[in-house]
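Below is the file work_29.tsv, which contains TSV, C-alpha atoms.
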chain	number	residue	atom	x	y	z
Z	168	MET	CA	48.49	36.19	147.45
Z	169	LYS	CA	49.89	34.18	150.35
Z	170	ALA	CA	52.21	35.85	152.83
Z	171	VAL	CA	53.62	35.27	156.31
Z	172	VAL	CA	51.80	37.52	158.77
Z	173	ILE	CA	52.78	38.54	162.32
Z	174	THR	CA	49.49	37.73	164.06
Z	175	SER	CA	50.70	39.31	167.33
Z	176	TYR	CA	54.10	40.25	168.73
Z	177	GLY	CA	55.90	37.31	170.31
Z	178	GLY	CA	57.80	34.11	169.58
Z	179	PRO	CA	58.13	32.31	166.24
Z	180	GLU	CA	54.72	30.71	166.71
Z	181	VAL	CA	52.98	34.03	165.92
Z	182	LEU	CA	54.03	33.73	162.26
Z	183	LYS	CA	51.17	32.39	160.11
Z	184	LEU	CA	50.80	31.93	156.37
Z	185	GLN	CA	47.66	33.77	155.31
Z	186	GLU	CA	45.92	35.27	152.28
Z	187	VAL	CA	46.59	39.02	151.94
Z	188	ASP	CA	46.02	41.66	149.28
Z	189	ASP	CA	48.45	41.72	146.38
Z	190	PRO	CA	50.97	44.60	146.46
Z	191	VAL	CA	50.70	47.17	143.69
Z	192	ILE	CA	53.10	49.64	142.14
Z	193	ILE	CA	52.38	53.00	143.77
Z	194	LYS	CA	55.22	55.09	142.37
Z	195	ASP	CA	56.40	55.34	138.77
Z	196	ASP	CA	59.93	54.23	139.68
Z	197	GLU	CA	58.86	50.91	141.25
Z	198	VAL	CA	58.78	47.34	139.97
Z	199	LEU	CA	56.62	44.39	141.02
Z	200	ILE	CA	58.46	41.12	141.63
Z	201	LYS	CA	57.12	37.55	141.75
Z	202	VAL	CA	59.13	36.20	144.67
Z	203	GLU	CA	61.13	33.05	144.04
Z	204	ALA	CA	62.92	33.17	147.40
Z	205	THR	CA	63.62	35.44	150.36
Z	206	ALA	CA	66.04	35.16	153.27
Z	207	VAL	CA	65.71	35.40	157.04
Z	208	ASN	CA	67.62	38.19	158.81
Z	209	GLY	CA	68.03	39.10	162.48
Z	210	ALA	CA	65.96	42.23	161.88
Z	211	ASP	CA	63.02	39.97	161.01
Z	212	THR	CA	63.06	38.37	164.45
Z	213	SER	CA	63.22	41.79	166.10
Z	214	GLN	CA	60.25	43.02	164.07
Z	215	ARG	CA	58.31	39.88	165.00
Z	216	LYS	CA	58.85	40.73	168.68
Z	217	GLY	CA	57.70	44.32	168.18
Z	218	GLU	CA	61.19	45.73	168.72
Z	219	TYR	CA	61.91	46.93	165.17
Z	220	PRO	CA	58.91	48.52	163.45
Z	221	PRO	CA	59.05	49.03	159.68
Z	222	PRO	CA	59.76	52.57	158.43
Z	223	LYS	CA	56.83	54.78	157.50
Z	224	GLY	CA	55.35	53.68	154.20
Z	225	ALA	CA	57.09	50.28	154.15
Z	226	SER	CA	55.26	46.97	153.96
Z	227	PRO	CA	54.33	45.58	157.40
Z	228	LEU	CA	55.33	42.13	156.14
Z	229	LEU	CA	58.73	40.64	157.00
Z	230	GLY	CA	61.50	40.16	154.47
Z	231	LEU	CA	64.33	42.55	153.55
Z	232	GLU	CA	65.58	40.84	150.39
Z	233	CYS	CA	64.33	38.57	147.63
Z	234	SER	CA	64.93	37.08	144.22
Z	235	GLY	CA	62.40	36.46	141.50
Z	236	PHE	CA	60.85	37.57	138.19
Z	237	ILE	CA	59.66	41.06	137.33
Z	238	LEU	CA	55.88	41.09	136.82
Z	239	ASP	CA	55.35	44.80	136.15
Z	240	VAL	CA	57.29	48.07	135.96
Z	241	GLY	CA	56.41	51.71	136.60
Z	242	LYS	CA	56.42	54.13	133.67
Z	243	ASP	CA	59.73	55.73	134.76
Z	244	VAL	CA	61.59	52.39	134.90
Z	245	SER	CA	63.90	51.89	131.90
Z	246	ARG	CA	66.48	49.31	132.96
Z	247	TRP	CA	64.13	46.47	133.88
Z	248	LYS	CA	61.41	44.77	131.88
Z	249	VAL	CA	58.72	42.17	132.57
Z	250	GLY	CA	60.25	38.69	132.81
Z	251	ASP	CA	63.72	39.77	133.98
Z	252	GLN	CA	65.27	37.60	136.68
Z	253	VAL	CA	66.45	39.83	139.52
Z	254	CYS	CA	67.21	40.09	143.21
Z	255	ALA	CA	66.47	43.10	145.37
Z	256	LEU	CA	67.06	44.92	148.64
Z	257	LEU	CA	63.59	45.44	150.14
Z	258	ASN	CA	62.02	47.81	152.65
Z	259	GLY	CA	59.89	44.84	153.77
Z	260	GLY	CA	57.45	42.40	152.19
Z	261	GLY	CA	59.76	39.56	151.13
Z	262	TYR	CA	57.89	36.83	153.04
Z	263	ALA	CA	55.23	36.76	150.33
Z	264	GLU	CA	54.51	35.66	146.77
Z	265	LYS	CA	54.85	39.19	145.37
Z	266	VAL	CA	56.56	42.41	146.45
Z	267	ALA	CA	56.87	45.99	145.12
Z	268	VAL	CA	60.25	47.73	145.38
Z	269	PRO	CA	61.97	50.88	144.04
Z	270	ALA	CA	63.81	50.03	140.81
Z	271	GLY	CA	67.03	51.48	142.23
Z	272	GLN	CA	67.15	48.68	144.79
Z	273	VAL	CA	67.02	45.93	142.16
Z	274	LEU	CA	70.04	43.96	140.99
Z	275	PRO	CA	70.64	41.43	138.20
Z	276	ILE	CA	71.24	37.84	139.26
Z	277	PRO	CA	75.01	37.37	139.66
Z	278	PRO	CA	76.52	35.20	136.91
Z	279	GLY	CA	76.66	31.52	137.87
Z	280	ILE	CA	74.20	31.88	140.77
Z	281	SER	CA	70.78	30.21	140.78
Z	282	LEU	CA	67.66	32.35	141.17
Z	283	LYS	CA	66.88	30.88	144.62
Z	284	ASP	CA	70.45	31.20	145.89
Z	285	ALA	CA	70.58	34.86	144.80
Z	286	ALA	CA	68.06	35.76	147.51
Z	287	CYS	CA	70.80	35.42	150.13
Z	288	PHE	CA	72.96	38.25	148.75
Z	289	PRO	CA	71.25	41.69	148.69
Z	290	GLU	CA	70.96	42.42	152.42
Z	291	VAL	CA	74.39	41.11	153.44
Z	292	ALA	CA	76.15	42.60	150.43
Z	293	CYS	CA	74.61	46.03	150.96
Z	294	THR	CA	75.26	45.91	154.72
Z	295	VAL	CA	78.93	44.97	154.43
Z	296	CYS	CA	79.61	47.23	151.44
Z	297	SER	CA	77.97	50.30	153.03
Z	298	THR	CA	79.63	49.83	156.41
Z	299	SER	CA	83.07	48.30	156.05
Z	300	PHE	CA	83.98	49.61	152.60
Z	301	MET	CA	81.99	52.77	151.81
Z	302	THR	CA	82.14	54.17	155.37
Z	303	SER	CA	85.01	52.51	157.27
Z	304	LYS	CA	87.16	52.46	154.10
Z	305	LEU	CA	88.56	48.97	154.61
Z	306	SER	CA	91.34	48.56	152.08
Z	307	ALA	CA	93.80	45.95	150.82
Z	308	GLY	CA	96.39	44.93	153.41
Z	309	GLU	CA	94.34	46.07	156.41
Z	310	THR	CA	93.16	43.78	159.20
Z	311	TYR	CA	89.45	43.16	159.73
Z	312	LEU	CA	87.68	41.67	162.75
Z	313	ILE	CA	84.18	40.31	162.11
Z	314	HIS	CA	82.04	39.36	165.09
Z	315	GLY	CA	79.67	36.51	164.29
Z	316	GLY	CA	81.82	35.07	161.52
Z	317	SER	CA	79.48	32.13	160.89
Z	318	SER	CA	76.36	34.27	160.48
Z	319	GLY	CA	74.94	35.31	157.12
Z	320	ILE	CA	76.71	38.67	157.29
Z	321	GLY	CA	79.85	37.09	158.70
Z	322	THR	CA	80.23	34.40	156.03
Z	323	PHE	CA	79.78	37.03	153.33
Z	324	ALA	CA	82.08	39.60	154.97
Z	325	ILE	CA	84.92	37.08	155.29
Z	326	GLN	CA	84.75	36.23	151.60
Z	327	ILE	CA	84.45	39.74	150.19
Z	328	ALA	CA	87.17	41.10	152.51
Z	329	LYS	CA	89.52	38.37	151.35
Z	330	ALA	CA	88.60	39.06	147.73
Z	331	GLN	CA	89.43	42.74	148.26
Z	332	GLY	CA	92.80	41.94	149.83
Z	333	ALA	CA	92.05	42.45	153.54
Z	334	THR	CA	92.94	39.88	156.19
Z	335	GLU	CA	90.31	38.80	158.68
Z	336	LYS	CA	88.54	36.52	161.33
Z	337	LEU	CA	86.05	27.70	163.44
Z	338	SER	CA	87.12	25.59	160.83
Z	339	PHE	CA	84.27	26.61	158.51
Z	340	CYS	CA	85.25	30.28	158.61
Z	341	LYS	CA	88.82	29.24	157.81
Z	342	ASN	CA	87.53	27.48	154.72
Z	343	LEU	CA	85.86	30.71	153.62
Z	344	GLY	CA	89.17	32.56	153.83
Z	345	ALA	CA	89.49	33.78	157.42
Z	346	ASP	CA	93.12	34.03	158.52
Z	347	VAL	CA	92.41	33.73	162.24
Z	348	CYS	CA	89.35	32.23	163.93
Z	349	ILE	CA	88.46	33.14	167.52
Z	350	ASN	CA	86.01	31.12	169.60
Z	351	TYR	CA	84.30	33.77	171.72
Z	352	LYS	CA	83.03	31.12	174.15
Z	353	THR	CA	86.50	29.96	175.15
Z	354	GLU	CA	88.90	32.77	174.19
Z	355	ASP	CA	89.44	36.43	175.06
Z	356	PHE	CA	89.21	38.06	171.65
Z	357	VAL	CA	91.13	41.17	172.77
Z	358	ALA	CA	94.14	39.11	173.83
Z	359	ARG	CA	93.96	37.02	170.66
Z	360	VAL	CA	93.73	40.09	168.43
Z	361	LYS	CA	96.78	41.62	170.08
Z	362	GLU	CA	98.65	38.32	169.77
Z	363	GLU	CA	97.84	37.92	166.08
Z	364	THR	CA	98.59	41.55	165.16
Z	365	GLY	CA	101.81	41.92	167.13
Z	366	GLY	CA	100.09	44.23	169.59
Z	367	LYS	CA	98.95	46.67	166.89
Z	368	GLY	CA	95.23	45.82	166.86
Z	369	VAL	CA	92.92	45.60	163.86
Z	370	ASN	CA	92.10	48.40	161.44
Z	371	VAL	CA	88.36	47.76	161.10
Z	372	ILE	CA	85.77	45.94	163.24
Z	373	LEU	CA	82.27	45.00	162.07
Z	374	ASP	CA	80.21	44.42	165.22
Z	375	CYS	CA	76.71	43.02	165.67
Z	376	ILE	CA	76.97	42.68	169.47
Z	377	GLY	CA	77.00	46.27	170.68
Z	378	GLY	CA	77.09	47.20	174.36
Z	379	SER	CA	78.84	44.24	175.96
Z	380	TYR	CA	81.65	44.31	173.36
Z	381	PHE	CA	82.12	48.07	173.09
Z	382	GLN	CA	85.08	48.52	175.42
Z	383	LYS	CA	86.73	45.31	174.19
Z	384	ASN	CA	86.32	46.51	170.63
Z	385	LEU	CA	88.08	49.79	171.45
Z	386	GLU	CA	90.91	47.84	173.05
Z	387	SER	CA	91.18	45.69	169.90
Z	388	LEU	CA	91.47	48.60	167.46
Z	389	SER	CA	94.71	49.83	165.97
Z	390	LEU	CA	95.76	53.47	165.87
Z	391	ASP	CA	93.23	55.25	163.61
Z	392	GLY	CA	91.05	52.13	163.76
Z	393	ARG	CA	87.37	52.14	162.79
Z	394	LEU	CA	84.52	50.40	164.60
Z	395	PHE	CA	81.16	50.02	162.85
Z	396	ILE	CA	78.22	48.77	164.93
Z	397	ILE	CA	75.31	47.11	163.11
Z	398	GLY	CA	73.48	45.41	165.99
Z	399	PHE	CA	72.84	45.21	169.71
Z	400	GLN	CA	72.74	41.50	170.53
Z	401	GLY	CA	74.77	42.28	173.66
Z	402	GLY	CA	72.75	45.33	174.71
Z	403	ALA	CA	72.61	48.98	173.70
Z	404	LYS	CA	74.17	50.67	176.76
Z	405	PRO	CA	77.95	50.22	177.01
Z	406	GLU	CA	80.37	50.99	179.80
Z	407	VAL	CA	83.20	52.85	178.12
Z	408	ASN	CA	86.55	54.38	179.01
Z	409	LEU	CA	86.89	57.29	176.59
Z	410	GLN	CA	90.67	57.33	177.05
Z	411	ALA	CA	90.90	54.30	174.76
Z	412	LEU	CA	88.93	56.13	172.08
Z	413	PHE	CA	91.06	59.25	172.49
Z	414	ALA	CA	94.44	57.52	172.57
Z	415	LYS	CA	93.80	55.52	169.39
Z	416	ARG	CA	92.18	58.33	167.41
Z	417	ALA	CA	89.45	55.78	166.83
Z	418	THR	CA	86.29	56.32	164.81
Z	419	VAL	CA	83.02	54.76	165.99
Z	420	GLN	CA	80.03	54.67	163.67
Z	421	ALA	CA	76.72	52.83	163.64
Z	422	GLY	CA	73.77	52.41	161.37
Z	423	GLY	CA	71.44	50.09	159.52
Z	424	LEU	CA	70.04	49.82	156.03
Z	425	ARG	CA	66.29	49.80	156.40
Z	426	SER	CA	65.83	53.39	157.54
Z	427	ARG	CA	67.94	54.86	154.73
Z	428	THR	CA	66.28	56.76	151.89
Z	429	ALA	CA	65.55	55.06	148.58
Z	430	GLU	CA	68.15	57.36	146.98
Z	431	ASN	CA	70.83	56.29	149.46
Z	432	LYS	CA	69.96	52.62	149.05
Z	433	ALA	CA	70.22	52.99	145.29
Z	434	VAL	CA	73.77	54.35	145.65
Z	435	ILE	CA	74.72	51.38	147.84
Z	436	VAL	CA	73.11	48.88	145.45
Z	437	ARG	CA	75.08	50.28	142.51
Z	438	GLU	CA	78.31	50.03	144.52
Z	439	VAL	CA	77.47	46.40	145.28
Z	440	GLU	CA	76.85	45.66	141.60
Z	441	LYS	CA	80.10	47.38	140.64
Z	442	ASN	CA	82.40	45.92	143.32
Z	443	VAL	CA	80.78	42.76	144.70
Z	444	TRP	CA	79.05	41.14	141.73
Z	445	PRO	CA	82.37	40.65	139.82
Z	446	ALA	CA	83.82	38.81	142.84
Z	447	ILE	CA	80.77	36.51	142.84
Z	448	ALA	CA	81.10	35.96	139.08
Z	449	GLU	CA	84.76	34.99	139.57
Z	450	GLY	CA	83.84	32.49	142.30
Z	451	LYS	CA	85.64	34.45	145.04
Z	452	VAL	CA	82.37	34.93	146.92
Z	453	LYS	CA	79.86	32.08	147.10
Z	454	PRO	CA	76.40	31.74	148.64
Z	455	VAL	CA	76.52	30.09	152.05
Z	456	ILE	CA	73.06	28.69	152.73
Z	457	TYR	CA	72.25	26.62	155.80
Z	458	LYS	CA	68.78	25.44	154.79
Z	459	PHE	CA	65.73	26.17	152.62
Z	460	TYR	CA	62.24	26.33	154.16
Z	461	PRO	CA	58.83	26.90	152.56
Z	462	LEU	CA	57.03	30.07	153.70
Z	463	SER	CA	54.65	27.86	155.65
Z	464	GLU	CA	57.59	26.90	157.90
Z	465	ALA	CA	58.78	30.44	158.59
Z	466	ALA	CA	58.28	29.88	162.34
Z	467	GLU	CA	60.74	26.98	162.29
Z	468	ALA	CA	63.21	29.07	160.30
Z	469	HIS	CA	63.01	31.79	162.98
Z	470	GLU	CA	63.63	29.20	165.71
Z	471	VAL	CA	66.79	28.09	163.92
Z	472	ILE	CA	68.18	31.60	163.41
Z	473	GLU	CA	67.52	32.50	167.04
Z	474	SER	CA	69.30	29.34	168.22
Z	475	SER	CA	72.52	30.56	166.53
Z	476	GLN	CA	73.28	26.97	165.55
Z	477	HIS	CA	73.24	27.72	161.82
Z	478	ILE	CA	76.08	28.71	159.50
Z	479	GLY	CA	75.26	31.19	156.75
Z	480	LYS	CA	71.82	32.18	155.49
Z	481	ILE	CA	68.37	30.64	155.92
Z	482	VAL	CA	66.22	30.94	152.79
Z	483	LEU	CA	62.43	30.82	152.44
Z	484	PHE	CA	60.49	30.09	149.26
Z	485	PRO	CA	56.77	30.38	148.40

Would it be possible to restate this file's structure as structure tokens?
Amino acid sequence: MKAVVITSYGGPEVLKLQEVDDPVIIKDDEVLIKVEATAVNGADTSQRKGEYPPPKGASPLLGLECSGFILDVGKDVSRWKVGDQVCALLNGGGYAEKVAVPAGQVLPIPPGISLKDAACFPEVACTVCSTSFMTSKLSAGETYLIHGGSSGIGTFAIQIAKAQGATEKLSFCKNLGADVCINYKTEDFVARVKEETGGKGVNVILDCIGGSYFQKNLESLSLDGRLFIIGFQGGAKPEVNLQALFAKRATVQAGGLRSRTAENKAVIVREVEKNVWPAIAEGKVKPVIYKFYPLSEAAEAHEVIESSQHIGKIVLFP
């Protein structure tokens, strides 16, 4: 099959479309998917640079989500059958024509969503659901600050938070349902948060920046507020005044998806199907896709995502 290969660690130019061996089902609880589309995530660019190696046993190929048709199923798989249209959270391998994945990480295509568009949902849905809802317990009526509101995760988080009754964080994000939009290039988000919340701060923050925002995030939290860190775009070593953490009884947590066990991912995927898929079916959450690229143009897609000029997801197709 054809797949995008990292020929050496470096810039987008190291990505080349090459012939590689077909994946095979190794475990009885796996399925083999013919990939219709995959999506580009920030983790892909980090792996390309050699900064984010795949977990032990995972495919060395890029791609953490996909949509497509099931080609084969392991003998312990009962829910899925050959020919089913699905999307899936992957451990890697999405930038290819075929990929093997544990059956517990597979989802049906949401009603009303095309097969290609469905590729943009698994990673963002599982990230936001596992962090802001399952861990930080964001609930109806609470305030929610999302850094990077125009990113793939951001555009999804705004919509699902609004659908669940939370209130959150320029004009495009407003159209998605954000109550307040903050331009980080021209505004102090701490001051704006305090202004918009009457000095109380926000209940939950989803942060992809890390170090450079850590202290500001603490200052933006409400009493008993929760900060969940999912990235380190602003560095991994913060300067912090622990008094802010102590005074607000704040909770700080961090984590990603890829390193979780298959069992844990399956729990998250089922929560997504139960709580997110109905919101998509009702039209409360829609795919936000910036552009489609063929696999042969994966390098260009990486250039775009690293420029931060896009809004929403970038999708690749074989």

I'd like to know which of Z:Ala429, Z:Ala324, Z:Ala333, Z:Leu231 is closest to Gly271 (chain Z), using all atoms listed in the file. Z:Ala429

Non-local contacts of region 366-377 of chain Z (9 Å; only C-alpha atoms; under 5 positions in same chain excluded) as a ChimeraX atom specification: /Z:295,298-299,303-305,309-315,321,324,335,357-358,360-361,384,386-405

CA of Leu228 (chain Z) to CA of Glu470 (chain Z), straight-line distance in Å: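 The value is 18.1 Å.
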
For the contact check between region 211-248 of chain Z and region 416-426 of chain Z, emit one row per residue of region 211-248 of chain Z within 12 Å, containing the shortest atom pair and the distance in Å rounded to one decimal, counting only C-alpha atoms, chain then rising number order, as JSON lines.
{"residue": "Z:Asp211", "atom": "CA", "partner": "Z:Arg425", "partner_atom": "CA", "distance": 11.3}
{"residue": "Z:Gln214", "atom": "CA", "partner": "Z:Arg425", "partner_atom": "CA", "distance": 11.9}
{"residue": "Z:Tyr219", "atom": "CA", "partner": "Z:Arg425", "partner_atom": "CA", "distance": 10.2}
{"residue": "Z:Pro220", "atom": "CA", "partner": "Z:Arg425", "partner_atom": "CA", "distance": 10.3}
{"residue": "Z:Pro221", "atom": "CA", "partner": "Z:Arg425", "partner_atom": "CA", "distance": 8.0}
{"residue": "Z:Pro222", "atom": "CA", "partner": "Z:Ser426", "partner_atom": "CA", "distance": 6.2}
{"residue": "Z:Lys223", "atom": "CA", "partner": "Z:Ser426", "partner_atom": "CA", "distance": 9.1}
{"residue": "Z:Gly224", "atom": "CA", "partner": "Z:Ser426", "partner_atom": "CA", "distance": 11.0}
{"residue": "Z:Ala225", "atom": "CA", "partner": "Z:Arg425", "partner_atom": "CA", "distance": 9.5}
{"residue": "Z:Ser226", "atom": "CA", "partner": "Z:Arg425", "partner_atom": "CA", "distance": 11.6}
{"residue": "Z:Leu229", "atom": "CA", "partner": "Z:Arg425", "partner_atom": "CA", "distance": 11.9}
{"residue": "Z:Gly230", "atom": "CA", "partner": "Z:Arg425", "partner_atom": "CA", "distance": 10.9}
{"residue": "Z:Leu231", "atom": "CA", "partner": "Z:Arg425", "partner_atom": "CA", "distance": 8.0}
{"residue": "Z:Glu232", "atom": "CA", "partner": "Z:Arg425", "partner_atom": "CA", "distance": 10.8}

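Of the listed residues Z:Gly279, Z:Gly178, Z:Gly261, Z:Pro190, the one whose atoms come nearest to Glu203 (chain Z) is Z:Gly261, with distances taken using all atoms listed in the file.
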
Separation of CA of Ile456 (chain Z) from CA of Gly479 (chain Z), in Å and rounded to one decimal: 5.2 Å

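Note that CA of Ala263 (chain Z) and CA of Phe236 (chain Z) are 13.4 Å apart.
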
Find the residues near region 434-451 of chain Z: any atom within 7 Å, counting only C-alpha atoms, skip ones fewer than 3 places away on the same chain, and give them as a ChimeraX atom specification. /Z:272,277-279,292-293,296-297,326,330,430-431

Find the residues near Ser245 (chain Z): any atom within 10 Å, counting all atoms listed in the file, skip ones fewer than 3 places away on the same chain, and give them as a ChimeraX atom specification. /Z:196,240-242,248,270

Given the choices Z:Gln410, Z:Thr205, Z:Phe484, Z:Ala210, which gets closest to Pro461 (chain Z) if the distance is worked out from only C-alpha atoms?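 Nearest to Pro461 (chain Z): Z:Phe484.
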
Point out the residue among Z:Val187, Z:Val291, Z:Ala204, Z:Ile193 with the least atom-to-atom distance to Ser318 (chain Z), counting only C-alpha atoms.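 Residue with the minimum atom-to-atom distance to Ser318 (chain Z): Z:Val291.
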
Long-range neighbours of Val266 (chain Z) as a list in words, 7 Å cut-off, all atoms listed in the file, 4 positions minimum in chain: Pro190, Leu199, Ile200, Lys201, Val202, Gly260 and Gly261 of chain Z

What's the 8 Å shell around Val198 (chain Z), counting only C-alpha atoms, without same-chain residues fewer than 5 positions away, as a PDB file with C-alpha atoms, keeping the file's coordinate frame?
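Listing of result-v4.pdb after writing:
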ATOM      1  CA  ILE Z 192      53.100  49.640 142.140  1.00  0.00           C
ATOM      2  CA  ILE Z 237      59.660  41.060 137.330  1.00  0.00           C
ATOM      3  CA  LEU Z 238      55.880  41.090 136.820  1.00  0.00           C
ATOM      4  CA  ASP Z 239      55.350  44.800 136.150  1.00  0.00           C
ATOM      5  CA  VAL Z 240      57.290  48.070 135.960  1.00  0.00           C
ATOM      6  CA  GLY Z 241      56.410  51.710 136.600  1.00  0.00           C
ATOM      7  CA  VAL Z 244      61.590  52.390 134.900  1.00  0.00           C
ATOM      8  CA  ALA Z 267      56.870  45.990 145.120  1.00  0.00           C
ATOM      9  CA  VAL Z 268      60.250  47.730 145.380  1.00  0.00           C
ATOM     10  CA  PRO Z 269      61.970  50.880 144.040  1.00  0.00           C
ATOM     11  CA  ALA Z 270      63.810  50.030 140.810  1.00  0.00           C
TER      12      ALA Z 270
END
